[in-house]
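Peer 1: The following block contains the structure, expressed as structure tokens.
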Amino acid sequence: MTALVTTLSGVLRYRGREGQWSWALHRVSGLGTLLFLSIHILDTATVYFAPQLYSHAIALYRHWLFGIGEIILVACVIYHGLNGLRVAVFDWRPEWMVYQKQASYTVFAAFLVLFIPAALFMGNTIIQKSILGR
Amino acid sequence: MATYAHPVYARPVAQPRAKLELYAWLFMRLSGVLLIPLAFGHLAIMHIINNVHMIDLDFVALRWATLGWRVYDAALLGLAWLHGLNGLRYVVDDYVHHPGWNRTIKRAMIVGGILIFLIGAVALIGGVRQ
């Protein structure tokens with residue numbers, strides 16, 4: 001338990017700035033996506049193994065709480081994908097490392113450009129369908 | 001796994017399997033680059049443009065009637081699942097230092113990983129039953 005607290009507080013206190021923020025976000029978004037993926041493979045598999053369960057799962061997913069979870073999932077995938085590209089580019093061309101700070105901010109900006117419209121669109125769906133039931 | 005006397009640690013530590021780690025590193029880059037269009041496309045089509053309010057068994061049956069979508073989903077299943085599990089392996093190595101627990105968790109990941117992959121693959125090949 002102490003080790004866990006040290007680990008987690010270390011992630012936040014380590015003053016690695018942009019590189020450290022990117023690393024922490026990459027890890028959290030990757031783990032979040034993996035958690036959803038493991039559930040998503042199993043829920044989709046019910047179309048073959050237990051079709052009546054699939055309808056039940058879909059009914060649960062239509063709740064606004066799951067809708068918000070889905071927006072968080074989209075955030076995780078967009079960030080992880082864009083930041084992963086940054087990691088791959090620097091592995092491919094290590095000499096570009098001098099621009100690592102700018103690259104981290106480029107990823108943050110590109111994330112917002114893709115995520116904000118997606119979140120607005122999905123938020124509208126949640127309000128229209130899950131809450132107002134239209 | 002082979003062990004060697006580490007210059008810092010008192011007890012012998014597991015020797016890193018250089019070849020395997022090189023392939024794992026390469027796989028993460030290649031699958032990662034492929035997953036950008038695959039996963040972004042999947043999210044856009046199935047979670048944003050279409051959404052959970054439009055999706056039901058008929059929707060999945062209609063979609064999987066096209067072989068191309070099954071191939072797309074198979075690529076996504078294989079690449080994303082292995083990419084995610086290998087990423088989790090890095091996280092386990094970072095935080096679980098006790099050799100016994102480290103090994104046990106990884107074995108559970110291999111068994112669970114194969115099991116969930118097979119469940120997904122069988123459903124993808126078998127299709128919608130109604």
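Residues in the structure tokens are numbered from 1 in each chain, the chains being A, B, ... in the order shown, and ligands are numbered from 1 in the order shown.
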Select residues of chain A: the criterion is any atom within 6 Å of an atom of chain B, counting only C-alpha atoms; output as a short mmCIF file (atom, residue, chain, number, x, y, z; two decimals) with C-alpha atoms, in the first residue's frame.

Peer 2:
data_model
loop_
_atom_site.label_atom_id
_atom_site.label_comp_id
_atom_site.auth_asym_id
_atom_site.auth_seq_id
_atom_site.Cartn_x
_atom_site.Cartn_y
_atom_site.Cartn_z
CA LEU A 34 -7.76 -1.70 -22.34
CA ILE A 41 -14.98 -7.87 -26.76
CA ALA A 45 -19.37 -11.74 -28.35
CA VAL A 47 -24.33 -11.75 -30.34
CA TYR A 48 -23.13 -15.30 -30.94
CA GLY A 81 -3.28 7.46 -30.56
CA ALA A 88 6.91 6.51 -32.59
#

Peer 1: What is the distance, in Å and to one decimal place, between CA of Ile126 in chain A and CA of His40 in chain A?

Peer 2: 19.4 Å

Peer 1: To one decimal place in Å, what is the distance between CA of His63 in chain A and CA of Arg63 in chain B?

Peer 2: 23.6 Å

Peer 1: Could you tell me how far CA of Leu60 in chain A sits from CA of Leu35 in chain A, in Å to one decimal place?

Peer 2: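 It comes out at 17.2 Å.
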
Peer 1: Counting only C-alpha atoms, which residue out of B:Val111, B:Ala75, B:Ile105, B:Ala18 sits closest to Leu38 in chain B?

Peer 2: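 For Leu38 in chain B, the nearest of the candidates is B:Ala75.
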
Peer 1: Could you please write out, as a count of residues only, every residue of chain B that DSSP assigns to strand (DSSP E or B)?

Peer 2: 4

Peer 1: Counting only C-alpha atoms, which residue out of A:Leu82, A:Ala24, A:Ala3, A:Ala57 sits closest to Thr44 in chain A?

Peer 2: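 Using only C-alpha atoms, Thr44 in chain A sits closest to A:Ala57.
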
Peer 1: Considering only helix (DSSP H, G or I) as DSSP defines it on the backbone, what residues of range 1-120 of chain B qualify? List them as a tab-separated table (two decimals) with N, CA and C atoms, in the first residue's frame.

Peer 2:
chain	number	residue	atom	x	y	z
B	18	ALA	N	16.37	-10.12	-25.06
B	18	ALA	CA	16.59	-9.00	-25.97
B	18	ALA	C	15.77	-9.12	-27.26
B	19	LYS	N	15.78	-10.29	-27.87
B	19	LYS	CA	15.07	-10.49	-29.13
B	19	LYS	C	13.58	-10.24	-28.96
B	20	LEU	N	13.02	-10.87	-27.92
B	20	LEU	CA	11.58	-10.74	-27.67
B	20	LEU	C	11.20	-9.28	-27.44
B	21	GLU	N	12.04	-8.59	-26.66
B	21	GLU	CA	11.73	-7.19	-26.36
B	21	GLU	C	11.83	-6.31	-27.60
B	22	LEU	N	12.78	-6.66	-28.49
B	22	LEU	CA	12.90	-5.90	-29.74
B	22	LEU	C	11.63	-6.07	-30.58
B	23	TYR	N	11.15	-7.32	-30.68
B	23	TYR	CA	9.94	-7.57	-31.47
B	23	TYR	C	8.72	-6.91	-30.81
B	24	ALA	N	8.68	-6.94	-29.47
B	24	ALA	CA	7.56	-6.31	-28.76
B	24	ALA	C	7.55	-4.81	-29.04
B	25	TRP	N	8.74	-4.20	-28.98
B	25	TRP	CA	8.86	-2.76	-29.26
B	25	TRP	C	8.41	-2.45	-30.68
B	26	LEU	N	8.88	-3.27	-31.62
B	26	LEU	CA	8.52	-3.06	-33.03
B	26	LEU	C	7.02	-3.24	-33.23
B	27	PHE	N	6.47	-4.28	-32.59
B	27	PHE	CA	5.03	-4.53	-32.72
B	27	PHE	C	4.21	-3.36	-32.20
B	28	MET	N	4.66	-2.78	-31.06
B	28	MET	CA	3.90	-1.65	-30.50
B	28	MET	C	3.87	-0.48	-31.47
B	29	ARG	N	4.99	-0.23	-32.18
B	29	ARG	CA	5.02	0.88	-33.16
B	29	ARG	C	4.16	0.56	-34.37
B	30	LEU	N	4.34	-0.64	-34.95
B	30	LEU	CA	3.61	-0.99	-36.17
B	30	LEU	C	2.11	-1.08	-35.90
B	31	SER	N	1.73	-1.81	-34.83
B	31	SER	CA	0.30	-1.96	-34.53
B	31	SER	C	-0.27	-0.60	-34.14
B	32	GLY	N	0.52	0.21	-33.43
B	32	GLY	CA	0.04	1.53	-33.01
B	32	GLY	C	-0.31	2.40	-34.20
B	33	VAL	N	0.59	2.40	-35.20
B	33	VAL	CA	0.34	3.22	-36.40
B	33	VAL	C	-0.90	2.70	-37.14
B	34	LEU	N	-1.04	1.36	-37.23
B	34	LEU	CA	-2.22	0.79	-37.90
B	34	LEU	C	-3.50	1.06	-37.12
B	35	LEU	N	-3.37	1.07	-35.78
B	35	LEU	CA	-4.56	1.24	-34.95
B	35	LEU	C	-5.11	2.67	-35.01
B	36	ILE	N	-4.28	3.63	-35.41
B	36	ILE	CA	-4.80	5.01	-35.49
B	36	ILE	C	-5.96	5.08	-36.48
B	37	PRO	N	-5.79	4.68	-37.76
B	37	PRO	CA	-6.98	4.70	-38.63
B	37	PRO	C	-8.04	3.67	-38.21
B	38	LEU	N	-7.61	2.47	-37.78
B	38	LEU	CA	-8.59	1.43	-37.44
B	38	LEU	C	-9.46	1.82	-36.24
B	39	ALA	N	-8.82	2.24	-35.16
B	39	ALA	CA	-9.58	2.54	-33.93
B	39	ALA	C	-10.32	3.88	-34.07
B	40	PHE	N	-9.67	4.88	-34.66
B	40	PHE	CA	-10.36	6.17	-34.84
B	40	PHE	C	-11.56	5.98	-35.76
B	41	GLY	N	-11.38	5.19	-36.83
B	41	GLY	CA	-12.49	4.93	-37.76
B	41	GLY	C	-13.62	4.18	-37.06
B	42	HIS	N	-13.26	3.18	-36.27
B	42	HIS	CA	-14.27	2.41	-35.54
B	42	HIS	C	-15.07	3.30	-34.59
B	43	LEU	N	-14.35	4.16	-33.85
B	43	LEU	CA	-15.05	5.05	-32.91
B	43	LEU	C	-15.98	6.01	-33.67
B	44	ALA	N	-15.46	6.58	-34.77
B	44	ALA	CA	-16.26	7.55	-35.53
B	44	ALA	C	-17.53	6.88	-36.06
B	45	ILE	N	-17.37	5.67	-36.62
B	45	ILE	CA	-18.51	5.01	-37.27
B	45	ILE	C	-19.47	4.40	-36.25
B	46	MET	N	-18.92	3.70	-35.25
B	46	MET	CA	-19.79	2.92	-34.35
B	46	MET	C	-20.15	3.64	-33.05
B	47	HIS	N	-19.40	4.68	-32.66
B	47	HIS	CA	-19.69	5.32	-31.37
B	47	HIS	C	-20.12	6.77	-31.53
B	48	ILE	N	-19.90	7.38	-32.70
B	48	ILE	CA	-20.23	8.80	-32.85
B	48	ILE	C	-21.31	9.00	-33.92
B	49	ILE	N	-21.01	8.62	-35.18
B	49	ILE	CA	-22.00	8.81	-36.26
B	49	ILE	C	-23.19	7.88	-36.01
B	57	LEU	N	-29.12	-6.09	-32.47
B	57	LEU	CA	-28.69	-7.32	-33.13
B	57	LEU	C	-28.78	-7.21	-34.65
B	58	ASP	N	-29.89	-6.61	-35.15
B	58	ASP	CA	-30.07	-6.49	-36.61
B	58	ASP	C	-28.96	-5.64	-37.22
B	59	PHE	N	-28.60	-4.56	-36.50
B	59	PHE	CA	-27.54	-3.68	-36.99
B	59	PHE	C	-26.23	-4.46	-37.14
B	60	VAL	N	-25.89	-5.25	-36.11
B	60	VAL	CA	-24.65	-6.03	-36.14
B	60	VAL	C	-24.72	-7.08	-37.25
B	61	ALA	N	-25.89	-7.74	-37.38
B	61	ALA	CA	-26.04	-8.77	-38.42
B	61	ALA	C	-25.86	-8.18	-39.81
B	62	LEU	N	-26.45	-7.00	-40.03
B	62	LEU	CA	-26.35	-6.33	-41.33
B	62	LEU	C	-24.90	-5.93	-41.61
B	63	ARG	N	-24.24	-5.40	-40.59
B	63	ARG	CA	-22.86	-4.96	-40.73
B	63	ARG	C	-21.95	-6.14	-41.04
B	64	TRP	N	-22.14	-7.23	-40.31
B	64	TRP	CA	-21.26	-8.40	-40.50
B	64	TRP	C	-21.63	-9.21	-41.73
B	67	LEU	N	-18.26	-8.95	-45.67
B	67	LEU	CA	-17.02	-9.59	-45.21
B	67	LEU	C	-15.98	-8.55	-44.80
B	68	GLY	N	-15.94	-7.44	-45.53
B	68	GLY	CA	-14.96	-6.39	-45.25
B	68	GLY	C	-15.03	-5.89	-43.81
B	69	TRP	N	-16.25	-5.73	-43.28
B	69	TRP	CA	-16.38	-5.26	-41.91
B	69	TRP	C	-15.90	-6.31	-40.91
B	70	ARG	N	-16.08	-7.58	-41.25
B	70	ARG	CA	-15.58	-8.63	-40.35
B	70	ARG	C	-14.05	-8.65	-40.35
B	71	VAL	N	-13.47	-8.45	-41.52
B	71	VAL	CA	-12.00	-8.40	-41.60
B	71	VAL	C	-11.50	-7.19	-40.80
B	72	TYR	N	-12.19	-6.05	-40.96
B	72	TYR	CA	-11.85	-4.82	-40.22
B	72	TYR	C	-11.90	-5.11	-38.71
B	73	ASP	N	-13.01	-5.73	-38.27
B	73	ASP	CA	-13.15	-6.01	-36.83
B	73	ASP	C	-12.14	-7.04	-36.35
B	74	ALA	N	-11.79	-8.00	-37.21
B	74	ALA	CA	-10.79	-9.00	-36.84
B	74	ALA	C	-9.43	-8.33	-36.65
B	75	ALA	N	-9.09	-7.40	-37.56
B	75	ALA	CA	-7.81	-6.68	-37.44
B	75	ALA	C	-7.79	-5.86	-36.15
B	76	LEU	N	-8.90	-5.22	-35.87
B	76	LEU	CA	-9.01	-4.40	-34.66
B	76	LEU	C	-8.88	-5.28	-33.40
B	77	LEU	N	-9.59	-6.41	-33.41
B	77	LEU	CA	-9.55	-7.33	-32.26
B	77	LEU	C	-8.12	-7.81	-32.00
B	78	GLY	N	-7.47	-8.33	-33.04
B	78	GLY	CA	-6.13	-8.88	-32.86
B	78	GLY	C	-5.11	-7.83	-32.46
B	79	LEU	N	-5.06	-6.73	-33.22
B	79	LEU	CA	-4.04	-5.71	-32.98
B	79	LEU	C	-4.27	-4.98	-31.66
B	80	ALA	N	-5.50	-4.53	-31.42
B	80	ALA	CA	-5.77	-3.73	-30.22
B	80	ALA	C	-5.58	-4.58	-28.96
B	81	TRP	N	-6.04	-5.81	-29.01
B	81	TRP	CA	-5.97	-6.66	-27.82
B	81	TRP	C	-4.51	-6.97	-27.47
B	82	LEU	N	-3.71	-7.35	-28.47
B	82	LEU	CA	-2.31	-7.66	-28.20
B	82	LEU	C	-1.53	-6.40	-27.80
B	83	HIS	N	-1.83	-5.28	-28.47
B	83	HIS	CA	-1.20	-4.00	-28.14
B	83	HIS	C	-1.51	-3.62	-26.68
B	84	GLY	N	-2.76	-3.80	-26.29
B	84	GLY	CA	-3.18	-3.45	-24.93
B	84	GLY	C	-2.56	-4.36	-23.89
B	85	LEU	N	-2.53	-5.67	-24.18
B	85	LEU	CA	-1.96	-6.62	-23.20
B	85	LEU	C	-0.46	-6.41	-23.06
B	86	ASN	N	0.22	-6.13	-24.17
B	86	ASN	CA	1.66	-5.89	-24.06
B	86	ASN	C	1.93	-4.60	-23.29
B	87	GLY	N	1.06	-3.60	-23.48
B	87	GLY	CA	1.18	-2.37	-22.71
B	87	GLY	C	0.99	-2.64	-21.22
B	88	LEU	N	0.03	-3.50	-20.90
B	88	LEU	CA	-0.21	-3.87	-19.50
B	88	LEU	C	1.00	-4.60	-18.93
B	89	ARG	N	1.67	-5.38	-19.77
B	89	ARG	CA	2.89	-6.09	-19.35
B	89	ARG	C	3.96	-5.08	-18.91
B	90	TYR	N	4.09	-3.98	-19.66
B	90	TYR	CA	5.06	-2.94	-19.27
B	90	TYR	C	4.68	-2.34	-17.92
B	91	VAL	N	3.37	-2.12	-17.73
B	91	VAL	CA	2.91	-1.52	-16.47
B	91	VAL	C	3.18	-2.47	-15.30
B	92	VAL	N	2.91	-3.77	-15.52
B	92	VAL	CA	3.16	-4.77	-14.47
B	92	VAL	C	4.65	-4.79	-14.11
B	93	ASP	N	5.52	-4.76	-15.13
B	93	ASP	CA	6.96	-4.76	-14.86
B	93	ASP	C	7.40	-3.50	-14.11
B	94	ASP	N	6.70	-2.38	-14.36
B	94	ASP	CA	7.06	-1.14	-13.67
B	94	ASP	C	6.68	-1.16	-12.19
B	95	TYR	N	5.57	-1.81	-11.87
B	95	TYR	CA	5.05	-1.68	-10.50
B	95	TYR	C	5.11	-2.96	-9.67
B	99	PRO	N	9.12	-11.13	-7.68
B	99	PRO	CA	9.20	-12.02	-8.85
B	99	PRO	C	8.02	-12.99	-8.95
B	100	GLY	N	7.57	-13.52	-7.80
B	100	GLY	CA	6.47	-14.48	-7.82
B	100	GLY	C	5.18	-13.85	-8.32
B	101	TRP	N	4.85	-12.68	-7.76
B	101	TRP	CA	3.63	-11.99	-8.18
B	101	TRP	C	3.72	-11.56	-9.63
B	102	ASN	N	4.90	-11.07	-10.02
B	102	ASN	CA	5.11	-10.63	-11.41
B	102	ASN	C	4.81	-11.78	-12.37
B	103	ARG	N	5.35	-12.95	-12.05
B	103	ARG	CA	5.16	-14.12	-12.91
B	103	ARG	C	3.70	-14.56	-12.91
B	104	THR	N	3.09	-14.59	-11.70
B	104	THR	CA	1.71	-15.04	-11.58
B	104	THR	C	0.77	-14.13	-12.38
B	105	ILE	N	0.96	-12.83	-12.24
B	105	ILE	CA	0.08	-11.89	-12.95
B	105	ILE	C	0.23	-12.06	-14.46
B	106	LYS	N	1.47	-12.22	-14.92
B	106	LYS	CA	1.68	-12.37	-16.37
B	106	LYS	C	1.07	-13.66	-16.90
B	107	ARG	N	1.17	-14.74	-16.09
B	107	ARG	CA	0.55	-16.00	-16.52
B	107	ARG	C	-0.95	-15.84	-16.62
B	108	ALA	N	-1.55	-15.16	-15.63
B	108	ALA	CA	-2.99	-14.92	-15.65
B	108	ALA	C	-3.36	-14.08	-16.88
B	109	MET	N	-2.50	-13.12	-17.22
B	109	MET	CA	-2.76	-12.29	-18.39
B	109	MET	C	-2.72	-13.10	-19.68
B	110	ILE	N	-1.79	-14.05	-19.75
B	110	ILE	CA	-1.69	-14.89	-20.96
B	110	ILE	C	-2.95	-15.75	-21.09
B	111	VAL	N	-3.34	-16.41	-19.97
B	111	VAL	CA	-4.52	-17.28	-20.01
B	111	VAL	C	-5.77	-16.44	-20.32
B	112	GLY	N	-5.98	-15.36	-19.58
B	112	GLY	CA	-7.15	-14.51	-19.80
B	112	GLY	C	-7.13	-13.88	-21.18
B	113	GLY	N	-5.95	-13.49	-21.64
B	113	GLY	CA	-5.82	-12.86	-22.95
B	113	GLY	C	-6.21	-13.80	-24.08
B	114	ILE	N	-5.72	-15.05	-23.99
B	114	ILE	CA	-6.05	-16.04	-25.02
B	114	ILE	C	-7.55	-16.34	-24.98
B	115	LEU	N	-8.09	-16.48	-23.75
B	115	LEU	CA	-9.50	-16.83	-23.58
B	115	LEU	C	-10.40	-15.75	-24.19
B	116	ILE	N	-10.16	-14.48	-23.83
B	116	ILE	CA	-11.01	-13.39	-24.33
B	116	ILE	C	-10.85	-13.24	-25.85
B	117	PHE	N	-9.60	-13.43	-26.33
B	117	PHE	CA	-9.39	-13.35	-27.79
B	117	PHE	C	-10.21	-14.43	-28.50
B	118	LEU	N	-10.17	-15.67	-27.96
B	118	LEU	CA	-10.90	-16.76	-28.60
B	118	LEU	C	-12.40	-16.51	-28.58
B	119	ILE	N	-12.91	-16.00	-27.45
B	119	ILE	CA	-14.34	-15.70	-27.35
B	119	ILE	C	-14.73	-14.68	-28.43
B	120	GLY	N	-13.92	-13.63	-28.56
B	120	GLY	CA	-14.19	-12.61	-29.57
B	120	GLY	C	-14.08	-13.16	-30.98

Peer 1: Which residue gives the smallest distance to Val28 in chain A among A:Leu73, A:Ala50, A:Tyr14, A:Leu42, with only C-alpha atoms counted?

Peer 2: A:Leu73
